[in-house]
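File shown here: data28.cif, holding mmCIF, C-alpha atoms and all ligand atoms.
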data_query
#
loop_
_atom_site.label_atom_id
_atom_site.label_comp_id
_atom_site.auth_asym_id
_atom_site.auth_seq_id
_atom_site.Cartn_x
_atom_site.Cartn_y
_atom_site.Cartn_z
CA MET A 50 -33.46 -7.34 3.23
CA THR A 51 -30.24 -5.32 3.52
CA LYS A 52 -28.65 -4.51 0.18
CA MET A 53 -24.88 -4.17 0.60
CA ALA A 54 -22.47 -2.86 -2.03
CA VAL A 55 -18.69 -3.29 -2.12
CA LEU A 56 -16.15 -1.03 -3.80
CA THR A 57 -12.35 -1.00 -4.00
CA GLY A 58 -10.49 2.30 -4.47
CA GLY A 59 -6.92 3.61 -4.78
CA GLY A 60 -3.93 1.52 -5.85
CA ASP A 61 -4.78 -2.16 -6.09
CA CYS A 62 -2.91 -4.69 -3.97
CA PRO A 63 -2.79 -8.43 -3.35
CA GLY A 64 -5.36 -9.41 -0.73
CA LEU A 65 -8.24 -7.35 -2.14
CA ASN A 66 -9.87 -10.37 -3.77
CA PRO A 67 -9.66 -12.46 -0.58
CA ALA A 68 -11.20 -9.48 1.29
CA ILE A 69 -14.06 -9.27 -1.22
CA ARG A 70 -14.51 -13.04 -0.87
CA GLY A 71 -14.60 -12.85 2.94
CA CYS A 72 -17.10 -10.02 2.88
CA ILE A 73 -19.47 -11.69 0.41
CA MET A 74 -19.26 -15.16 1.99
CA ARG A 75 -20.14 -13.66 5.39
CA SER A 76 -22.91 -11.57 3.87
CA ILE A 77 -24.56 -14.78 2.74
CA ASP A 78 -24.72 -15.85 6.42
CA HIS A 79 -26.36 -12.51 7.25
CA GLY A 80 -28.85 -12.86 4.40
CA PHE A 81 -27.75 -9.67 2.60
CA GLU A 82 -28.35 -8.95 -1.06
CA THR A 83 -24.94 -7.97 -2.49
CA ILE A 84 -23.66 -6.00 -5.46
CA GLY A 85 -20.25 -4.82 -6.71
CA ILE A 86 -19.41 -1.21 -7.62
CA GLN A 87 -16.80 -1.00 -10.37
CA GLU A 88 -13.67 1.15 -10.31
CA GLY A 89 -13.96 2.74 -6.88
CA TRP A 90 -15.70 6.08 -6.43
CA LYS A 91 -15.75 6.51 -10.21
CA GLY A 92 -18.24 3.62 -10.39
CA LEU A 93 -20.53 5.20 -7.84
CA LEU A 94 -20.39 8.52 -9.70
CA ASN A 95 -21.42 6.81 -12.92
CA GLY A 96 -23.61 3.98 -11.62
CA MET A 97 -21.24 1.23 -12.79
CA THR A 98 -22.14 -2.05 -11.07
CA GLN A 99 -21.56 -5.76 -11.47
CA PRO A 100 -23.05 -8.89 -9.90
CA LEU A 101 -21.19 -9.92 -6.75
CA GLY A 102 -22.32 -13.12 -5.10
CA LEU A 103 -21.07 -16.60 -4.30
CA LYS A 104 -20.40 -17.44 -7.97
CA GLU A 105 -18.21 -14.36 -8.45
CA VAL A 106 -16.09 -14.88 -5.33
CA GLU A 107 -15.80 -18.68 -5.43
CA GLU A 108 -12.45 -18.79 -7.26
CA ILE A 109 -10.70 -15.53 -6.45
CA ILE A 110 -8.74 -16.37 -3.30
CA ASP A 111 -5.42 -16.62 -5.17
CA ARG A 112 -5.91 -13.77 -7.62
CA GLY A 113 -3.98 -10.51 -7.38
CA GLY A 114 -5.59 -7.12 -8.10
CA THR A 115 -9.31 -6.55 -7.61
CA ILE A 116 -12.13 -8.15 -9.60
CA LEU A 117 -14.08 -4.90 -9.15
CA GLY A 118 -11.49 -2.64 -10.74
CA THR A 119 -10.26 0.53 -9.07
CA SER A 120 -9.48 4.22 -9.64
CA ARG A 121 -8.05 7.20 -7.81
CA THR A 122 -11.21 9.26 -8.40
CA ASN A 123 -12.13 11.68 -5.61
CA PRO A 124 -15.85 12.65 -5.72
CA TYR A 125 -15.11 15.65 -3.48
CA LYS A 126 -12.91 17.09 -6.25
CA ILE A 127 -15.63 16.81 -8.90
CA GLU A 128 -18.38 19.40 -9.15
CA GLY A 129 -21.62 17.84 -8.00
CA GLY A 130 -19.71 14.59 -7.35
CA VAL A 131 -20.98 13.93 -3.85
CA ASP A 132 -24.60 14.56 -4.85
CA LYS A 133 -24.16 12.16 -7.75
CA VAL A 134 -22.78 9.49 -5.39
CA LYS A 135 -25.75 9.94 -3.03
CA GLU A 136 -28.20 9.90 -5.92
CA ASN A 137 -26.78 6.66 -7.30
CA LEU A 138 -26.79 4.99 -3.89
CA LYS A 139 -30.51 5.83 -3.69
CA LYS A 140 -31.21 4.74 -7.27
CA LEU A 141 -29.44 1.40 -6.70
CA LYS A 142 -31.32 1.00 -3.37
CA ILE A 143 -28.05 0.41 -1.52
CA ASP A 144 -28.50 0.36 2.27
CA ALA A 145 -24.86 -0.17 3.26
CA LEU A 146 -21.55 0.41 1.51
CA VAL A 147 -18.34 -1.50 2.23
CA VAL A 148 -15.35 0.55 1.09
CA MET A 149 -11.97 -1.14 0.70
CA GLY A 150 -9.14 1.35 0.42
CA GLY A 151 -6.25 3.27 1.88
CA GLU A 152 -6.18 6.65 3.55
CA ASP A 153 -7.59 8.51 0.51
CA THR A 154 -10.46 6.16 -0.35
CA LEU A 155 -11.39 5.70 3.31
CA GLY A 156 -11.09 9.46 3.84
CA VAL A 157 -13.91 9.90 1.32
CA ALA A 158 -15.86 7.09 3.03
CA ASN A 159 -15.51 8.88 6.36
CA LYS A 160 -16.74 12.18 4.93
CA LEU A 161 -19.74 10.42 3.37
CA PHE A 162 -20.49 8.72 6.69
CA LYS A 163 -20.63 12.16 8.30
CA GLU A 164 -23.16 13.11 5.63
CA GLY A 165 -25.40 10.21 6.61
CA ILE A 166 -24.25 7.38 4.32
CA LYS A 167 -24.01 3.95 6.00
CA VAL A 168 -20.38 3.07 5.39
CA VAL A 169 -17.98 0.41 6.73
CA GLY A 170 -14.26 0.42 5.86
CA VAL A 171 -11.72 -2.27 5.04
CA PRO A 172 -8.05 -1.20 5.22
CA LYS A 173 -5.87 -2.01 2.23
CA THR A 174 -2.53 -0.69 1.10
CA MET A 175 0.75 -2.25 0.13
CA ASP A 176 2.39 0.79 1.78
CA ASN A 177 1.16 -0.33 5.26
CA ASP A 178 0.79 3.33 6.24
CA LEU A 179 -2.77 3.33 7.53
CA SER A 180 -3.28 4.20 11.21
CA SER A 181 -5.41 2.19 13.66
CA THR A 182 -4.46 -1.19 12.19
CA ASP A 183 -1.27 -3.14 12.85
CA TYR A 184 -0.95 -4.30 9.23
CA THR A 185 -2.73 -3.90 5.95
CA PHE A 186 -2.98 -6.71 3.42
CA GLY A 187 -0.87 -6.17 0.30
CA PHE A 188 2.21 -5.25 2.32
CA ASP A 189 3.40 -8.80 2.95
CA THR A 190 3.10 -9.86 -0.69
CA SER A 191 4.74 -6.77 -2.14
CA VAL A 192 7.64 -6.77 0.31
CA THR A 193 8.17 -10.50 -0.22
CA ARG A 194 8.48 -9.81 -3.95
CA ALA A 195 10.93 -6.95 -3.35
CA MET A 196 12.94 -9.17 -1.00
CA ASP A 197 13.15 -11.90 -3.67
CA THR A 198 14.18 -9.27 -6.24
CA ALA A 199 16.92 -8.03 -3.94
CA SER A 200 18.49 -11.47 -3.73
CA VAL A 201 18.42 -11.73 -7.54
CA LEU A 202 20.25 -8.39 -7.70
CA ILE A 203 22.84 -9.58 -5.20
CA ASP A 204 23.78 -12.50 -7.53
CA THR A 205 24.49 -10.29 -10.51
CA GLY A 206 25.97 -7.50 -8.38
CA ARG A 207 28.46 -9.90 -6.82
CA SER A 208 29.48 -11.30 -10.23
CA HIS A 209 30.18 -7.83 -11.63
CA ARG A 210 31.56 -6.36 -8.38
CA ARG A 211 28.91 -3.65 -8.49
CA ILE A 212 26.75 -1.68 -6.11
CA MET A 213 23.13 -2.53 -6.82
CA ILE A 214 20.28 -0.18 -5.99
CA LEU A 215 16.69 -1.36 -5.74
CA GLU A 216 14.07 1.39 -5.82
CA VAL A 217 10.81 0.25 -4.22
CA MET A 218 7.34 1.79 -3.88
CA GLY A 219 6.11 3.89 -0.97
CA ARG A 220 5.34 7.55 -1.53
CA HIS A 221 5.01 8.90 1.98
CA ALA A 222 5.99 6.05 4.25
CA GLY A 223 9.14 3.96 4.14
CA TRP A 224 7.75 0.69 5.51
CA VAL A 225 8.19 -1.13 2.19
CA ALA A 226 11.83 -0.05 1.84
CA LEU A 227 12.58 -0.59 5.53
CA TYR A 228 11.27 -4.17 5.63
CA THR A 229 12.83 -5.00 2.25
CA GLY A 230 16.20 -3.68 3.42
CA ILE A 231 16.17 -5.53 6.72
CA ALA A 232 14.89 -8.79 5.22
CA SER A 233 17.30 -8.83 2.28
CA GLY A 234 20.44 -7.97 4.25
CA ALA A 235 20.89 -4.65 2.44
CA ASP A 236 23.92 -2.52 3.31
CA TRP A 237 21.91 0.71 3.40
CA THR A 238 18.26 1.75 3.20
CA LEU A 239 16.79 5.16 2.45
CA ILE A 240 13.24 6.12 3.43
CA PRO A 241 11.17 9.31 2.98
CA GLU A 242 10.99 9.92 6.75
CA ARG A 243 14.77 10.32 7.15
CA GLU A 244 17.18 12.79 5.55
CA PRO A 245 19.66 10.65 3.57
CA GLU A 246 23.20 10.54 5.02
CA ILE A 247 24.93 10.27 1.67
CA ASP A 248 28.57 10.52 2.81
CA LYS A 249 28.12 8.04 5.63
CA MET A 250 26.37 5.64 3.26
CA CYS A 251 29.14 5.90 0.64
CA GLU A 252 31.85 5.22 3.24
CA GLU A 253 29.92 2.18 4.38
CA LEU A 254 29.48 0.94 0.81
CA LYS A 255 33.21 1.26 0.11
CA LYS A 256 33.91 -0.76 3.25
CA VAL A 257 31.46 -3.59 2.51
CA HIS A 258 32.45 -3.69 -1.15
CA LYS A 259 36.01 -4.51 -0.12
CA ILE A 260 34.77 -7.47 1.89
CA LYS A 261 31.82 -8.80 -0.14
CA LYS A 262 32.68 -7.46 -3.63
CA TYR A 263 29.21 -5.96 -3.97
CA GLY A 264 26.85 -3.63 -2.14
CA LEU A 265 23.07 -3.46 -1.92
CA VAL A 266 21.04 -0.30 -1.34
CA ILE A 267 17.26 -0.19 -0.99
CA VAL A 268 15.65 3.19 -1.63
CA SER A 269 12.03 4.20 -1.24
CA GLU A 270 10.68 6.10 -4.25
CA GLY A 271 9.54 8.89 -1.91
CA THR A 272 13.05 9.68 -0.64
CA LYS A 273 14.34 13.20 -1.42
CA ILE A 274 18.04 13.32 -2.25
CA PRO A 275 19.49 16.63 -1.00
CA GLY A 276 20.65 18.81 -3.87
CA SER A 277 18.92 16.69 -6.55
CA GLU A 278 16.03 18.30 -8.37
CA GLY A 279 14.57 15.29 -10.16
CA GLY A 280 11.70 15.46 -12.64
CA LYS A 281 8.67 17.70 -12.14
CA GLU A 282 6.06 16.01 -9.98
CA GLU A 283 2.35 15.98 -10.78
CA LEU A 284 -0.32 15.59 -8.09
CA ASP A 285 -3.18 13.08 -8.10
CA ALA A 286 -6.85 13.84 -7.25
CA PHE A 287 -6.02 13.57 -3.55
CA GLY A 288 -3.13 16.05 -3.79
CA HIS A 289 -0.43 13.38 -3.50
CA MET A 290 2.71 13.36 -5.62
CA ILE A 291 2.90 11.01 -8.59
CA LEU A 292 6.52 9.96 -8.38
CA LYS A 293 7.03 8.34 -11.76
CA LYS A 294 9.25 11.20 -12.92
CA ARG A 295 11.35 11.64 -9.81
CA GLY A 296 13.71 8.73 -10.51
CA VAL A 297 15.36 8.69 -7.10
CA GLY A 298 17.20 5.42 -7.82
CA SER A 299 18.99 6.89 -10.86
CA GLN A 300 19.90 10.08 -8.96
CA LEU A 301 21.36 7.95 -6.20
CA ALA A 302 23.31 5.72 -8.61
CA GLU A 303 25.08 8.75 -10.09
CA ILE A 304 26.02 10.08 -6.66
CA ILE A 305 27.23 6.72 -5.35
CA GLU A 306 29.34 6.03 -8.45
CA GLU A 307 30.93 9.47 -8.23
CA LYS A 308 31.65 9.29 -4.50
CA THR A 309 32.81 5.67 -4.28
CA GLY A 310 34.30 5.11 -7.74
CA ILE A 311 32.44 1.76 -7.81
CA GLU A 312 30.29 0.81 -10.79
CA THR A 313 26.62 1.11 -9.76
CA ARG A 314 23.36 -0.08 -11.32
CA VAL A 315 19.75 0.67 -10.47
CA SER A 316 16.55 -1.39 -10.82
CA VAL A 317 13.06 -0.04 -10.25
CA ILE A 318 10.58 -2.72 -9.19
CA GLY A 319 7.52 -0.47 -9.68
CA HIS A 320 4.17 -2.10 -10.29
CA MET A 321 5.72 -5.57 -10.47
CA GLN A 322 5.61 -5.51 -6.69
CA ARG A 323 1.91 -4.66 -6.59
CA GLY A 324 0.38 -7.41 -8.73
CA GLY A 325 0.44 -11.18 -8.37
CA SER A 326 -1.00 -13.82 -6.12
CA PRO A 327 -1.30 -12.85 -2.42
CA THR A 328 0.86 -14.57 0.19
CA LEU A 329 -0.66 -16.76 2.91
CA PHE A 330 -0.58 -13.81 5.35
CA ASP A 331 -2.39 -11.46 2.97
CA ARG A 332 -5.00 -14.08 2.05
CA ILE A 333 -5.87 -14.77 5.68
CA LEU A 334 -5.82 -11.09 6.69
CA GLY A 335 -7.93 -10.14 3.65
CA LEU A 336 -10.52 -12.82 4.46
CA ARG A 337 -10.64 -11.82 8.14
CA VAL A 338 -11.17 -8.09 7.60
CA GLY A 339 -13.67 -8.85 4.81
CA VAL A 340 -15.71 -11.07 7.14
CA LYS A 341 -15.54 -8.45 9.90
CA ALA A 342 -16.80 -5.75 7.52
CA ALA A 343 -19.94 -7.78 6.81
CA ASP A 344 -20.38 -8.31 10.58
CA LEU A 345 -20.04 -4.56 11.22
CA VAL A 346 -22.79 -3.93 8.65
CA ALA A 347 -25.00 -6.58 10.32
CA GLU A 348 -24.43 -4.95 13.72
CA GLY A 349 -25.15 -1.48 12.33
CA LYS A 350 -21.69 -0.26 13.32
CA PHE A 351 -21.27 2.27 10.55
CA GLY A 352 -18.39 4.73 10.37
CA GLN A 353 -16.10 1.92 11.52
CA MET A 354 -13.28 -0.01 9.87
CA ALA A 355 -12.24 -3.64 10.38
CA ALA A 356 -8.73 -3.55 11.85
CA LEU A 357 -5.99 -5.92 12.99
CA LYS A 358 -4.91 -5.34 16.60
CA GLY A 359 -2.46 -7.95 17.83
CA ASN A 360 -4.13 -11.07 16.49
CA GLU A 361 -7.68 -9.81 16.87
CA ILE A 362 -9.87 -8.24 14.20
CA ILE A 363 -11.82 -5.39 15.74
CA GLY A 364 -13.92 -2.42 14.66
CA VAL A 365 -12.20 1.01 14.92
CA PHE A 366 -13.54 4.44 14.04
CA LEU A 367 -12.78 5.55 10.49
CA ASP A 368 -12.29 9.06 11.77
CA LYS A 369 -9.24 7.93 13.75
CA ALA A 370 -7.88 5.67 11.02
CA VAL A 371 -7.74 8.38 8.35
CA GLY A 372 -6.67 11.21 10.64
CA GLU A 373 -2.93 10.65 10.39
CA LEU A 374 -0.64 8.54 8.23
CA LYS A 375 1.37 5.83 10.01
CA VAL A 376 5.00 6.52 9.15
CA VAL A 377 8.23 4.79 10.19
CA ASN A 378 8.96 5.57 13.85
CA ASP A 379 12.33 5.96 15.63
CA GLU A 380 12.18 2.51 17.12
CA TRP A 381 11.98 0.82 13.73
CA TRP A 382 14.61 3.08 12.20
CA LYS A 383 17.04 2.33 15.03
CA PHE A 384 16.40 -1.37 14.48
CA ALA A 385 17.21 -1.01 10.77
CA GLU A 386 20.40 0.95 11.54
CA ILE A 387 21.80 -1.99 13.52
CA PHE A 388 22.35 -3.71 10.18
CA PHE A 389 24.12 -0.86 8.39
CA LYS A 390 27.50 -2.46 8.95
O1 LIG A 401 -0.98 2.34 -3.59
C1 LIG A 401 0.18 2.92 -3.12
C2 LIG A 401 1.20 2.97 -4.20
O2 LIG A 401 1.52 1.66 -4.57
C3 LIG A 401 2.44 3.76 -3.82
O3 LIG A 401 3.39 3.01 -3.13
C4 LIG A 401 2.90 4.25 -5.18
O4 LIG A 401 3.63 5.43 -5.09
C5 LIG A 401 1.61 4.49 -5.90
O5 LIG A 401 0.69 3.61 -5.35
C6 LIG A 401 1.68 4.32 -7.39
O6 LIG A 401 0.46 4.66 -7.92
P1 LIG A 401 -0.01 4.43 -9.41
O7 LIG A 401 -0.36 2.97 -9.54
O8 LIG A 401 -1.19 5.31 -9.56
O9 LIG A 401 1.14 4.77 -10.29
#
Show this structure as structure tokens.
Amino acid sequence: MTKMAVLTGGGDCPGLNPAIRGCIMRSIDHGFETIGIQEGWKGLLNGMTQPLGLKEVEEIIDRGGTILGTSRTNPYKIEGGVDKVKENLKKLKIDALVVMGGEDTLGVANKLFKEGIKVVGVPKTMDNDLSSTDYTFGFDTSVTRAMDTASVLIDTGRSHRRIMILEVMGRHAGWVALYTGIASGADWTLIPEREPEIDKMCEELKKVHKIKKYGLVIVSEGTKIPGSEGGKEELDAFGHMILKKRGVGSQLAEIIEEKTGIETRVSVIGHMQRGGSPTLFDRILGLRVGVKAADLVAEGKFGQMAALKGNEIIGVFLDKAVGELKVVNDEWWKFAEIFFK
């Protein structure tokens, strides 16, 4: 009998529990024995497991986060880490490993596959920046929350005749900010992929403020404001910036207030946009890619990831998926710019 383990790594996001549910429910059809690895790669380094069967996944469809726990541990950055992972897989008699994660977690999965481990990937990230899949679950829920937050900010901004800034997540890709801006009718949006046009933005804000008595700006946390230093940035185990000290929203508020003379306030949505119950879209997508992952294991299609292409769920090679980050392209940016008026 095939023994299949599931782990979730990297930042959590809504849709992970539906994906775990889909994977386990389908595994029952395939007759697999299943087990959960706790806290991502950290759990496999330390042999941390938990039961994961029908009972455990029965009531998790509407729960945010991941019942398995997660971490940003990178076994390739720990001395002897990869050997420890291999040793524990052997000890636990695991034949196949389903890895749910973003570019970093799946990058490790891909390396392990090349070293002979039977791995299948499931794409997850609220940033929606993973290649080879049209969407990742987590994105819809977190952008919906940011969109709702933006309309709350508009109410108070209009009352006080202020410019309101909403800083949203997204370290390297501006999809979260872009979609939030478009969907909330923001007057300007700033994303990491584009150099901010501060003067143009301020002129626009002065203009709309005269008409609407408020202005709304959405800024991605990963945006670099020219001339602003910001706090010192630390790197995580995958070499990516931890942006908690940058404070781009506050930097922007100061600049806007100075250049427009209009009172400006900033709100940072932060982790509030990453927790909570998944939307319909994320539940269905999570279930579908979870089911596909179990099917890929059954078919022996290791080194692949379950991906959304159009409205089909297909298997794609992990190697391709983790090769390059999917960032905002010109077409989408031009679409967003239509509404900067
Ligand atoms: O998982 C991606 C992400 O949500 C980014 O958008 C954000 O910059 C980062 O995680 C925050 O990470 P942490 O939860 O470790 O602070």
Counting all atoms listed in the file, which residues sit no farther than 8 Å from the position (-14.3, -6.7, -7.1) in the file's frame? I'd like them as a tab-separated table (two decimals) with C-alpha atoms, keeping the file's coordinate frame.
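Below you can see part08.tsv, which holds the result:
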chain	number	residue	atom	x	y	z
A	55	VAL	CA	-18.69	-3.29	-2.12
A	56	LEU	CA	-16.15	-1.03	-3.80
A	57	THR	CA	-12.35	-1.00	-4.00
A	65	LEU	CA	-8.24	-7.35	-2.14
A	66	ASN	CA	-9.87	-10.37	-3.77
A	69	ILE	CA	-14.06	-9.27	-1.22
A	85	GLY	CA	-20.25	-4.82	-6.71
A	86	ILE	CA	-19.41	-1.21	-7.62
A	87	GLN	CA	-16.80	-1.00	-10.37
A	101	LEU	CA	-21.19	-9.92	-6.75
A	115	THR	CA	-9.31	-6.55	-7.61
A	116	ILE	CA	-12.13	-8.15	-9.60
A	117	LEU	CA	-14.08	-4.90	-9.15
A	118	GLY	CA	-11.49	-2.64	-10.74
ask   = Taking only C-alpha atoms and all ligand atoms into account, which residues are within 9 Å of ligand LIG 401 (chain A), as a PyMOL selection string?
value = chain A and resi 59-62+120-121+151+173-176+217-222+225+269-271+285+290-293+319-320+322-323
Item to complete: Do a neighbour search on Gly234 in chain A at 8 Å with only C-alpha atoms, toss out local chain neighbours closer than 3 positions, and write the hits as a count of residues only.
Response: 3
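Between CA of Glu105 in chain A and CA of Leu345 in chain A the interatomic distance comes to 22.1 Å.
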I'd like the neighbourhood of Ile240 in chain A as a compact mmCIF listing (two decimals) with C-alpha atoms, in the frame of the given file, where a residue qualifies if any of its atoms comes within 7 Å (using only C-alpha atoms), though same-chain residues fewer than 6 positions away should be ignored.
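What landed in around_33.txt:
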# COMPACT_ATOMS: atom_id res chain seq x y z
CA GLY A 223 9.14 3.96 4.14
CA ALA A 226 11.83 -0.05 1.84
CA VAL A 268 15.65 3.19 -1.63
CA SER A 269 12.03 4.20 -1.24
CA THR A 272 13.05 9.68 -0.64
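When the distance limit is 8 Å and all atoms listed in the file are what count, the residues near Met250 in chain A, minus those fewer than 4 positions from it on the same chain, are Trp237, Glu246 and Leu254 of chain A.
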| said: Restricting the calculation to only C-alpha atoms: of A:Gly364, A:Gly89, A:Gly296, A:Gly165, which residue gets closest to Ile214 in chain A? | reply: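 The answer is A:Gly296, which sits nearest to Ile214 in chain A.
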- Near Glu108 in chain A, within 10 Å and counting all atoms listed in the file, which residues show up once chain neighbours fewer than 4 positions away are dropped, as a PyMOL selection string? chain A and resi 66-67+70+103-104+112
Judged by only C-alpha atoms, the minimum distance to Lys52 in chain A among A:Gly64, A:Pro275, A:Gly80, A:Gly335 is found for A:Gly80
Closest of A:Lys249, A:Lys160, A:Lys308, A:Arg194 to Lys390 in chain A, counting all atoms listed in the file, is A:Lys249
Between CA of Ala370 in chain A and CA of Ser180 in chain A, distance in Å (one decimal) |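 Result for CA of Ala370 in chain A versus CA of Ser180 in chain A: 4.8 Å, one decimal.
With only C-alpha atoms as the atoms that count, the residue of A:Thr328, A:Thr83, A:Asn123, A:Ser316 with the shortest distance to Ile203 in chain A is A:Ser316.
Taking CA of Ile110 in chain A as the reference point, CA of Lys142 in chain A is found at 28.5 Å.
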For this session: Go through A:Met74, A:Met321, A:Leu202, A:Leu334 one by one, measure the shortest atom-to-atom distance of each to Ala356 in chain A using only C-alpha atoms, and give the residue with the smallest value.
Result: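 The answer is A:Leu334, which sits nearest to Ala356 in chain A.
With distances restricted to all atoms listed in the file, A:Phe287 is the closest residue to Tyr125 in chain A from A:Glu361, A:Ile143, A:Phe287, A:Thr190.
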Find the spatial neighbours of Leu146 in chain A, counting all atoms listed in the file, within a cut-off of 7 Å - ignore same-chain residues fewer than 3 positions away - and output them as a ChimeraX atom specification. /A:53-55,167-169
Write the selection just made, keeping C-alpha atoms, as a compact mmCIF listing (two decimals), in the coordinates of the input?
# COMPACT_ATOMS: atom_id res chain seq x y z
CA MET A 53 -24.88 -4.17 0.60
CA ALA A 54 -22.47 -2.86 -2.03
CA VAL A 55 -18.69 -3.29 -2.12
CA LYS A 167 -24.01 3.95 6.00
CA VAL A 168 -20.38 3.07 5.39
CA VAL A 169 -17.98 0.41 6.73
Kindly list the centre and edge lengths in Å, rounded to one decimal, for the axis-aligned box that covers all listed atoms of range 241-259 of chain A plus 6 Å on each of its six sides, as JSON.
{"center_x": 23.5, "center_y": 4.1, "center_z": 3.0, "size_x": 37.0, "size_y": 29.3, "size_z": 20.3}
